[in-house]
Structure formats: structure tokens, C-alpha cells
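Asks: What follows is model_19.cif, made up of mmCIF, C-alpha atoms:
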```cif
data_target
loop_
_atom_site.label_atom_id
_atom_site.label_comp_id
_atom_site.auth_asym_id
_atom_site.auth_seq_id
_atom_site.Cartn_x
_atom_site.Cartn_y
_atom_site.Cartn_z
CA MET A 29 0.00 0.00 0.00
CA GLN A 30 1.43 3.38 -0.94
CA THR A 31 1.83 6.26 1.51
CA LYS A 32 0.45 9.72 0.88
CA SER A 33 1.23 12.92 2.81
CA VAL A 34 -1.47 15.46 3.52
CA ILE A 35 -1.36 18.74 5.48
CA LYS A 36 -4.53 20.22 6.95
CA SER A 37 -5.17 23.31 9.08
CA VAL A 38 -7.46 22.83 12.04
CA ILE A 39 -8.75 25.55 14.35
CA MET A 40 -9.83 25.33 18.00
CA LEU A 41 -13.17 27.07 18.57
CA GLY A 42 -14.94 27.99 21.77
CA ASP A 43 -15.23 30.50 24.59
CA ALA A 44 -12.36 31.61 26.78
CA ALA A 45 -11.28 29.11 29.47
CA VAL A 46 -13.08 26.04 28.08
CA GLY A 47 -9.74 24.24 27.68
CA LYS A 48 -8.77 24.72 24.02
CA THR A 49 -5.08 25.25 24.74
CA SER A 50 -5.02 22.37 27.23
CA LEU A 51 -6.61 19.98 24.72
CA VAL A 52 -4.00 20.90 22.10
CA ARG A 53 -1.18 20.47 24.64
CA ARG A 54 -2.57 17.11 25.73
CA PHE A 55 -2.83 15.92 22.12
CA VAL A 56 0.53 17.24 20.89
CA VAL A 57 2.86 16.89 23.87
CA ASP A 58 0.72 14.77 26.23
CA GLN A 59 0.96 17.31 29.06
CA PHE A 60 -1.49 19.21 31.24
CA ASP A 61 -0.99 22.43 33.18
CA ASP A 62 -3.62 23.65 35.66
CA SER A 63 -2.69 27.33 35.41
CA TYR A 64 -4.82 29.33 33.00
CA ILE A 65 -3.20 31.71 30.55
CA THR A 66 -5.40 33.60 28.11
CA THR A 67 -4.51 32.82 24.51
CA LEU A 68 -4.03 36.02 22.53
CA GLY A 69 -2.38 34.92 19.34
CA ALA A 70 -3.27 31.88 17.33
CA LYS A 71 -0.51 29.55 18.33
CA PRO A 72 0.04 26.90 15.67
CA MET A 73 1.23 23.47 16.81
CA GLU A 74 1.62 20.41 14.63
CA LYS A 75 0.86 16.74 15.10
CA ASP A 76 1.19 13.89 12.62
CA ILE A 77 -1.32 11.06 12.62
CA ARG A 78 -1.78 8.09 10.32
CA VAL A 79 -5.10 7.23 8.69
CA ILE A 80 -5.70 4.08 6.64
CA GLY A 81 -7.34 5.25 3.44
CA LYS A 82 -9.04 3.16 0.77
CA ASP A 83 -6.01 3.14 -1.56
CA ALA A 84 -3.19 4.43 0.60
CA ILE A 85 -1.90 5.04 4.09
CA ILE A 86 -2.37 8.73 4.73
CA GLU A 87 0.26 10.56 6.78
CA LEU A 88 -1.81 13.50 7.96
CA ARG A 89 -0.09 16.54 9.44
CA MET A 90 -2.59 18.56 11.45
CA ILE A 91 -1.61 22.20 11.99
CA LEU A 92 -3.56 23.26 15.06
CA TRP A 93 -4.47 26.93 15.42
CA ASP A 94 -5.41 27.84 18.96
CA ILE A 95 -7.13 31.23 18.99
CA MET A 96 -8.36 33.50 21.73
CA GLY A 97 -11.90 32.74 22.83
CA GLN A 98 -13.14 36.28 23.38
CA LYS A 99 -16.14 36.61 21.06
CA ASN A 100 -15.79 40.37 20.66
CA TYR A 101 -12.78 39.94 18.37
CA GLU A 102 -15.01 39.09 15.45
CA ARG A 103 -12.79 40.59 12.74
CA VAL A 104 -9.75 38.71 13.98
CA HIS A 105 -11.72 35.48 14.15
CA LYS A 106 -13.01 35.87 10.61
CA ASP A 107 -9.50 36.49 9.31
CA MET A 108 -8.41 33.31 11.08
CA PHE A 109 -11.30 31.18 9.80
CA GLU A 110 -10.68 31.73 6.08
CA GLY A 111 -8.88 28.80 4.47
CA ILE A 112 -9.17 26.51 7.52
CA ASN A 113 -9.87 22.83 6.72
CA GLY A 114 -11.46 21.64 9.95
CA GLY A 115 -12.52 22.65 13.44
CA ILE A 116 -12.53 21.34 16.98
CA LEU A 117 -15.46 22.84 18.87
CA VAL A 118 -14.89 22.99 22.60
CA CYS A 119 -17.31 23.63 25.44
CA ASP A 120 -16.93 23.31 29.21
CA LEU A 121 -19.36 20.79 30.74
CA THR A 122 -19.41 22.79 33.98
CA LYS A 123 -20.58 25.94 32.14
CA PRO A 124 -23.70 25.40 30.00
CA GLU A 125 -23.39 28.88 28.52
CA THR A 126 -20.25 27.74 26.67
CA LEU A 127 -22.34 25.15 24.79
CA ARG A 128 -24.96 27.78 23.91
CA SER A 129 -22.19 30.02 22.70
CA LEU A 130 -21.09 27.38 20.19
CA GLY A 131 -24.53 27.46 18.63
CA GLU A 132 -24.98 31.22 18.78
CA TYR A 133 -21.57 32.43 17.67
CA TRP A 134 -18.79 29.94 16.95
CA ILE A 135 -20.47 27.44 14.60
CA PRO A 136 -22.43 29.97 12.50
CA THR A 137 -19.43 32.30 12.16
CA PHE A 138 -17.07 29.45 11.35
CA PHE A 139 -19.44 27.97 8.76
CA GLU A 140 -19.85 31.37 7.16
CA TYR A 141 -16.12 32.00 6.69
CA ALA A 142 -14.56 28.52 6.49
CA GLY A 143 -17.50 26.69 4.89
CA LYS A 144 -19.15 23.55 6.26
CA VAL A 145 -15.86 21.79 6.81
CA PRO A 146 -15.38 18.72 9.05
CA MET A 147 -15.72 19.34 12.76
CA VAL A 148 -15.70 17.45 16.05
CA LEU A 149 -17.10 18.71 19.34
CA MET A 150 -15.17 18.10 22.55
CA ALA A 151 -17.32 18.57 25.65
CA ASN A 152 -14.44 19.12 28.01
CA LYS A 153 -13.71 18.87 31.75
CA VAL A 154 -15.58 15.57 32.15
CA ASP A 155 -13.22 14.82 35.04
CA LEU A 156 -15.02 17.47 37.15
CA LYS A 157 -17.88 15.04 37.74
CA GLU A 158 -19.56 16.85 40.66
CA GLU A 159 -19.61 20.16 38.82
CA ILE A 160 -21.04 19.07 35.46
CA LYS A 161 -24.13 21.13 34.61
CA THR A 162 -24.52 20.33 30.91
CA ASP A 163 -27.00 17.68 29.79
CA ILE A 164 -25.99 15.31 26.96
CA LYS A 165 -29.45 15.93 25.49
CA ASP A 166 -28.56 19.61 25.09
CA ILE A 167 -25.38 18.70 23.21
CA ASN A 168 -27.32 16.40 20.88
CA ALA A 169 -30.00 19.06 20.37
CA LEU A 170 -27.41 21.66 19.42
CA LEU A 171 -25.59 19.37 17.01
CA ALA A 172 -28.85 18.25 15.39
CA SER A 173 -29.30 21.79 14.08
CA PHE A 174 -25.97 21.91 12.22
CA GLN A 175 -24.88 19.71 9.34
CA MET A 176 -21.50 19.42 7.68
CA LYS A 177 -21.40 19.54 3.88
CA ASP A 178 -21.86 15.77 3.48
CA GLY A 179 -25.11 16.11 5.46
CA SER A 180 -23.78 14.39 8.56
CA HIS A 181 -23.89 15.85 12.05
CA VAL A 182 -20.87 16.82 14.09
CA PRO A 183 -19.68 13.93 16.29
CA PHE A 184 -18.94 14.69 19.93
CA TYR A 185 -16.78 13.28 22.70
CA LEU A 186 -16.75 13.83 26.43
CA THR A 187 -13.14 14.80 27.03
CA SER A 188 -10.72 15.71 29.76
CA ALA A 189 -7.51 17.52 28.92
CA LYS A 190 -6.51 16.81 32.52
CA THR A 191 -6.73 13.00 32.34
CA GLY A 192 -6.45 12.68 28.56
CA GLU A 193 -9.83 10.93 28.28
CA ASN A 194 -11.02 10.85 24.66
CA VAL A 195 -8.61 13.58 23.56
CA GLN A 196 -6.59 11.43 21.16
CA VAL A 197 -9.76 9.73 19.92
CA GLY A 198 -11.45 13.06 19.21
CA PHE A 199 -8.56 14.50 17.22
CA GLU A 200 -8.14 11.22 15.31
CA LYS A 201 -11.85 11.29 14.44
CA LEU A 202 -11.39 14.74 12.96
CA GLY A 203 -8.39 13.38 11.03
CA GLU A 204 -10.62 10.66 9.55
CA LEU A 205 -13.28 13.22 8.62
CA LEU A 206 -10.67 15.41 6.91
CA ILE A 207 -9.43 12.45 4.84
CA LYS A 208 -13.00 11.40 4.09
CA ASP A 209 -13.72 14.95 2.95
CA MET A 210 -10.93 14.51 0.37
CA GLY A 211 -12.53 11.30 -0.89
CA LEU A 212 -9.58 9.20 0.31
CA LEU A 213 -11.44 7.18 2.94
CA MET B 24 -12.43 40.31 3.66
CA SER B 25 -15.80 41.69 4.48
CA SER B 26 -17.05 41.91 8.04
CA ASN B 27 -20.50 42.47 9.44
CA LYS B 28 -18.95 44.88 11.90
CA SER B 29 -18.88 48.54 11.05
CA ASP B 30 -15.49 50.10 10.31
CA GLU B 31 -16.18 52.53 13.13
CA PRO B 32 -15.23 50.89 16.41
CA GLN B 33 -17.67 51.15 19.30
CA ASN B 34 -15.31 50.55 22.22
CA LEU B 35 -11.70 49.69 23.06
CA VAL B 36 -12.06 45.97 22.30
CA ASP B 37 -13.59 46.84 18.96
CA LEU B 38 -10.74 49.25 18.26
CA ILE B 39 -8.14 46.55 18.94
CA ASP B 40 -10.07 44.12 16.76
CA LEU B 41 -10.09 46.68 13.95
CA ILE B 42 -6.37 47.46 14.22
CA LEU B 43 -5.36 43.77 14.25
CA SER B 44 -7.58 42.95 11.32
CA ARG B 45 -6.32 45.96 9.28
CA MET B 46 -2.77 44.96 10.15
CA CYS B 47 -3.40 41.51 8.74
CA ARG B 48 -5.06 42.84 5.58
CA ASN B 49 -2.53 45.61 4.96
CA LEU B 50 0.25 43.03 5.16
CA LYS B 51 -1.59 40.88 2.59
CA GLY B 52 -2.88 38.74 5.41
CA SER B 53 -1.44 35.53 6.58
CA LYS B 54 -2.38 33.80 9.78
CA GLU B 55 1.23 34.03 10.93
CA ILE B 56 1.09 37.82 10.68
CA LEU B 57 -2.11 37.91 12.66
CA TYR B 58 -0.52 35.64 15.23
CA ASN B 59 2.51 37.91 15.49
CA ALA B 60 0.25 40.93 15.95
CA CYS B 61 -1.67 39.16 18.69
CA THR B 62 1.60 38.19 20.31
CA GLU B 63 2.63 41.84 20.33
CA MET B 64 -0.67 42.54 22.06
CA GLU B 65 0.33 40.02 24.71
CA SER B 66 3.74 41.64 25.18
CA PHE B 67 2.04 45.00 25.81
CA GLY B 68 0.06 43.43 28.65
CA ILE B 69 -3.32 44.09 27.07
CA ASN B 70 -6.18 42.31 28.80
CA PRO B 71 -8.40 41.20 25.88
CA ASP B 72 -11.56 41.44 28.02
CA LYS B 73 -10.87 44.83 29.59
CA PRO B 74 -8.09 46.60 27.71
CA GLU B 75 -6.53 49.61 29.42
CA PRO B 76 -6.22 52.73 27.25
CA ASP B 77 -2.52 53.28 27.94
CA LYS B 78 -1.77 49.74 26.79
CA VAL B 79 -3.89 50.10 23.67
CA MET B 80 -1.77 53.17 22.94
CA LEU B 81 1.27 50.88 22.91
CA LEU B 82 -0.42 48.79 20.23
CA ILE B 83 -1.15 51.92 18.17
CA ARG B 84 2.48 53.04 18.50
CA TYR B 85 3.56 49.58 17.36
CA ALA B 86 1.21 49.84 14.38
CA LYS B 87 2.57 53.29 13.58
CA ARG B 88 6.13 51.92 13.24
CA LEU B 89 5.20 48.71 11.49
CA LYS B 90 6.69 48.27 8.00
CA ASP B 91 6.09 45.70 5.30
CA LYS B 92 8.85 43.63 3.68
CA ASP B 93 9.60 46.44 1.25
CA GLY B 94 10.15 48.91 4.07
CA ASN B 95 6.88 50.80 3.59
CA LEU B 96 4.78 51.83 6.57
CA VAL B 97 1.76 49.55 6.94
CA PHE B 98 -0.58 52.24 8.26
CA SER B 99 -0.97 55.77 6.93
CA GLU B 100 -0.65 58.78 9.22
CA ASN B 101 -4.37 59.37 8.79
CA GLU B 102 -5.23 55.85 9.94
CA ILE B 103 -3.03 56.19 13.03
CA ALA B 104 -4.48 59.62 13.81
CA GLN B 105 -7.98 58.18 13.51
CA TYR B 106 -7.12 55.33 15.89
CA ILE B 107 -5.85 57.88 18.44
CA VAL B 108 -9.08 59.85 18.11
CA TYR B 109 -11.05 56.67 18.80
CA LEU B 110 -8.79 55.82 21.73
CA ARG B 111 -9.40 59.24 23.28
CA LYS B 112 -13.11 58.90 22.71
CA PHE B 113 -13.28 55.56 24.49
CA SER B 114 -10.86 56.36 27.29
CA GLY B 115 -11.75 59.98 27.92
CA GLU B 116 -8.08 60.64 28.28
CA ASN B 117 -5.66 62.80 26.33
CA ASP B 118 -2.49 61.45 24.87
CA ASP B 119 0.36 63.60 23.69
CA ASP B 120 1.57 61.23 20.97
#
```
What does this structure look like when you write it as C-alpha cells?
Replies:
Amino acid sequence: MQTKSVIKSVIMLGDAAVGKTSLVRRFVVDQFDDSYITTLGAKPMEKDIRVIGKDAIIELRMILWDIMGQKNYERVHKDMFEGINGGILVCDLTKPETLRSLGEYWIPTFFEYAGKVPMVLMANKVDLKEEIKTDIKDINALLASFQMKDGSHVPFYLTSAKTGENVQVGFEKLGELLIKDMGLL
Amino acid sequence: MSSNKSDEPQNLVDLIDLILSRMCRNLKGSKEILYNACTEMESFGINPDKPEPDKVMLLIRYAKRLKDKDGNLVFSENEIAQYIVYLRKFSGENDDD
């Protein structure tokens, strides 16, 4: 089976402090840091994954853009969204308003400027069991109202950047969707 | 790129958003440039939720000096002057720059 190299740009989307930077750090360098630092720039990190395609093994390099989550920087966000191939939506299970925000701002704005590209939702901080205030039904209801361009709905994972739960799986799922979007899967 | 937002900023956050976006466009926009601009914002100590006027002034001064790869200034004097007018409007403070 031949090997094919593909590079795709992926952006992290969601309100401030939902764990976007921590999820990227967990995925790329397998580390977690409890201290919170606001992301101002869009810090690109890279991670290579391997996807078995229908005719080839795909070496996929994901360039991960981690942007600031303040919604008021709409112009900056739009400039960042253009030309992006995929998105990781992130909400904080302990703050239901961060899920609503995905539906009200992040998904519509991203779809408008990047197109209906592949996405995965990571409902983060599942390790904070006692503090979870978001119902799975609400996540399903939100995702039912958005379709990617192949007509499918955005898959979601309950994740923890702290423990690593479902982080790798979620990013790899997006990798599969990106390859599928190219018709290689 | 078009934006739903008006070109006239409504507050300090909006002003920063406008300057960063213009910076990106005037430099023939790449995400790396936008990232660098945002990193400059970080080095000036700007709180993205509640920016302080004196720190936004640092960003404007940075924009004023910024040159493209051919050595041309990225922002015109008029643009910079307009940003300072907006800054004064939103901060209620005078700046001697």
C-alpha cells in the first residue's frame, strides 16, 4: 500500500477558558498544566497522525491553530477562519453557557467564513464530575441543528484535557473526517 | 475580507479588533502575521476582556512603526491619527503622541 502525505489546518473554537489550549497540549505533547493563561495569538502546533485510506496510508499533518476565545474579536476570528480545513469545537461541561455560545456564535461564524468543513465537538472537563451542569441531550440538540457539507452531524466526545480521556480519539476522528472529505477514505 | 462589523469601532475591544484585522489585511494577510500581531498585544500586557487605554496606545504606537517587507509603513498617518481619536473617545483621556 502506498503512503500519501497530507497537510490540513485545524482551528480550535470555543469561549475563553473552556480548555482549548489544554486539549492541544494534551494531544501534541501529552501534558497538562492547571494554570490558566489567556490565549491572545493563534498559536500553531503540529501533530502527525496516520489514517488508513481506501487506496493508501495517509500521513496527515494537522496544523492546530489555537485562537483567543473572546467573542468580541469578530474581525480577527473571521480572518483566522478563512482557508481553515477543519474545526474542533470545545465547550466546558461545567458551564452550559459555553455550549450555547457554540450554537450562537462559533459554529455559524465558522461555517460562514470557512464553509461547512469537518468538525468534532469536545465537551471538556468531564473529570469534574460533581460540577457538570450540561446535559448530553442539550449537546445532541445543538448538534442536530448543524450539518457538515456531506449532510452528517458533528460527532462529539466527552473529554478531559486533565486526564487525557477521549482527547486522542477526538482528534483522530477529525483526522478521519478530513481524509474522508478529500474522498480518500 | 468583508465583516459584518462597522469600520467605526464602538469601544476599546472593537478598536483593537479593527487594528489587528487591518494589520493583517494591509500586510496581505497571513495567519502568521495575525498571530505575530496578537503576540505583540500580549507583550504590551493588554487584557483582551478589559483593555486599558494606555496599553492600547502601545499597540497603536507599534502599528505606527510597522513596515512591510519592502520597508513601507503599513498604516498611513491618517489611519493612526484616527485610531488615536477613537482611543481618546473611548478612554476619555488625552495622549500627547
Asks: Residues of chain A that have any atom at most 12 Å from an atom of chain B: could you tabulate them with the shortest-distance atom pair and the distance in Å to one decimal, using only C-alpha atoms, ordered by chain and increasing number, as a tab-separated table?
Replies:
```
residue	atom	partner	partner_atom	distance
A:Ser37	CA	B:Lys54	CA	10.9
A:Ile39	CA	B:Lys54	CA	11.4
A:Ala44	CA	B:Asp72	CA	9.9
A:Ile65	CA	B:Glu65	CA	10.8
A:Thr66	CA	B:Pro71	CA	8.5
A:Thr67	CA	B:Glu65	CA	8.7
A:Leu68	CA	B:Cys61	CA	5.5
A:Gly69	CA	B:Cys61	CA	4.3
A:Ala70	CA	B:Tyr58	CA	5.1
A:Lys71	CA	B:Tyr58	CA	6.8
A:Pro72	CA	B:Glu55	CA	8.6
A:Ile91	CA	B:Lys54	CA	11.8
A:Leu92	CA	B:Lys54	CA	11.8
A:Trp93	CA	B:Lys54	CA	9.1
A:Asp94	CA	B:Tyr58	CA	9.9
A:Ile95	CA	B:Tyr58	CA	8.8
A:Met96	CA	B:Pro71	CA	8.7
A:Gly97	CA	B:Pro71	CA	9.7
A:Gln98	CA	B:Asp72	CA	7.1
A:Lys99	CA	B:Asp72	CA	9.6
A:Asn100	CA	B:Val36	CA	6.9
A:Tyr101	CA	B:Asp40	CA	5.2
A:Glu102	CA	B:Asp40	CA	7.2
A:Arg103	CA	B:Ser44	CA	5.9
A:Val104	CA	B:Ser44	CA	5.5
A:His105	CA	B:Ser44	CA	9.0
A:Lys106	CA	B:Ser26	CA	7.7
A:Asp107	CA	B:Ser44	CA	7.0
A:Met108	CA	B:Lys54	CA	6.2
A:Phe109	CA	B:Lys54	CA	9.3
A:Glu110	CA	B:Met24	CA	9.1
A:Gly111	CA	B:Lys54	CA	9.8
A:Ile112	CA	B:Lys54	CA	10.2
A:Thr137	CA	B:Asn27	CA	10.6
A:Glu140	CA	B:Ser26	CA	10.9
A:Tyr141	CA	B:Met24	CA	9.6
```
Asks: Please list as a VMD selection string every residue within 9 Å of A:Tyr185, counting all atoms listed in the file and excluding residues in the same chain fewer than 6 positions away.
Replies: chain A and resid 148 to 152 194 to 195 197 to 198
Asks: Suppose a student applies the PyMOL selection byres ((chain A and resi 153-156) around 10) to this structure; what residues should they get, written as a list of chain:residue names?
Replies: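 Answer for the PyMOL selection byres ((chain A and resi 153-156) around 10): A:Val46, A:Gly47, A:Cys119, A:Asp120, A:Leu121, A:Thr122, A:Lys123, A:Met150, A:Ala151, A:Asn152, A:Lys157, A:Glu158, A:Glu159, A:Ile160, A:Tyr185, A:Leu186, A:Thr187, A:Ser188, A:Ala189, A:Lys190, A:Thr191, A:Gly192, A:Glu193, A:Asn194.
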Asks: Quick check, in Å to one decimal: how far apart do atom CA of A:Pro136 and atom CA of A:Pro183 lie?
Replies: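 Calculated distance between atom CA of A:Pro136 and atom CA of A:Pro183 is 16.7 Å.
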Asks: Given the point (-15.9, 6.9, -1.2) in the file's coordinates, find the residues that have an atom at most 12 Å from it, counting all atoms listed in the file, and give them as a ChimeraX atom specification.
Replies: /A:81-83,178,205,207-213
Asks: Show which residues sit within 6 Å of A:Ile86, as a PyMOL selection string. Count only C-alpha atoms, and ignore same-chain residues fewer than 4 positions away.
Replies: chain A and resi 31-33+78-79
Asks: Quote the spacing between atom CA of A:Leu130 and atom CA of A:Gly42 in Å to one decimal place.
Replies: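 Interatomic distance here is 6.4 Å.
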Asks: Taking a cut-off of 9 Å and counting all atoms listed in the file, can you build a table that, for each residue of stretch 88-110 of chain B near stretch 77-83 of chain B, reports the nearest atom pair and how far apart they are in Å (one decimal), sorted by chain then residue number, as a tab-separated table?
Replies:
```
residue	atom	partner	partner_atom	distance
B:Arg88	CA	B:Ile83	CA	8.8
B:Ile103	CA	B:Ile83	CA	6.9
B:Tyr106	CA	B:Ile83	CA	7.2
B:Ile107	CA	B:Ile83	CA	7.6
B:Leu110	CA	B:Met80	CA	7.6
```
Asks: Please indicate the distance in Å from atom CA of A:Met40 to atom CA of B:Lys73, rounded to one decimal place.
Replies: 22.7 Å
Asks: Write out as a list in words each polymer residue whose atoms come within 7 Å of stretch 163-176 of chain A, counting all atoms listed in the file; drop sequence neighbours fewer than 5 positions from it.
Replies: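 Result of the neighbour search: Gly131, Lys144, Val145, Pro146, His181 and Val182 of chain A.
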Asks: Using the chain letters and numbers from this file, what does the PyMOL selection byres ((chain A and resi 51-63) around 6) select? Give the answer as a ChimeraX atom specification.
Replies: /A:48-50,64,75,189-190,196
Asks: Dump C-alpha atoms for the selected residues as a PDB file, in the coordinates of the input?
Replies:
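File result-v3.pdb, as written:
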```pdb
ATOM      1  CA  LYS A  48      -8.770  24.720  24.020  1.00  0.00           C
ATOM      2  CA  THR A  49      -5.080  25.250  24.740  1.00  0.00           C
ATOM      3  CA  SER A  50      -5.020  22.370  27.230  1.00  0.00           C
ATOM      4  CA  TYR A  64      -4.820  29.330  33.000  1.00  0.00           C
ATOM      5  CA  LYS A  75       0.860  16.740  15.100  1.00  0.00           C
ATOM      6  CA  ALA A 189      -7.510  17.520  28.920  1.00  0.00           C
ATOM      7  CA  LYS A 190      -6.510  16.810  32.520  1.00  0.00           C
ATOM      8  CA  GLN A 196      -6.590  11.430  21.160  1.00  0.00           C
TER       9      GLN A 196
END
```
Asks: Where's the centre, and what are the edge lengths in Å to one decimal, of a box along x, y and z enclosing all listed atoms of stretch 31-48 of chain B padded 5 Å per side, as AutoDock Vina command-line options?
Replies:
```
--center_x -10.2 --center_y 47.0 --center_z 14.3 --size_x 24.9 --size_y 21.0 --size_z 27.5
```
Asks: Report as an MDAnalysis selection string the residues that result from applying the PyMOL selection byres ((chain B and resi 99) around 12) to the structure here.
Replies: chainID B and resid 45:46 49 83 86:90 95:98 100:106
Asks: Name the residues, using the chain letters and numbers of the file, that sit within 8 Å of (-5.0, 13.2, 11.9) when counting all atoms listed in the file, and give them as a list in words.
Replies: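 Nearby residues: Lys75, Asp76, Ile77, Arg78, Val79, Glu87, Leu88, Arg89, Met90, Phe199, Glu200, Lys201, Leu202, Gly203, Glu204 and Leu206 of chain A.
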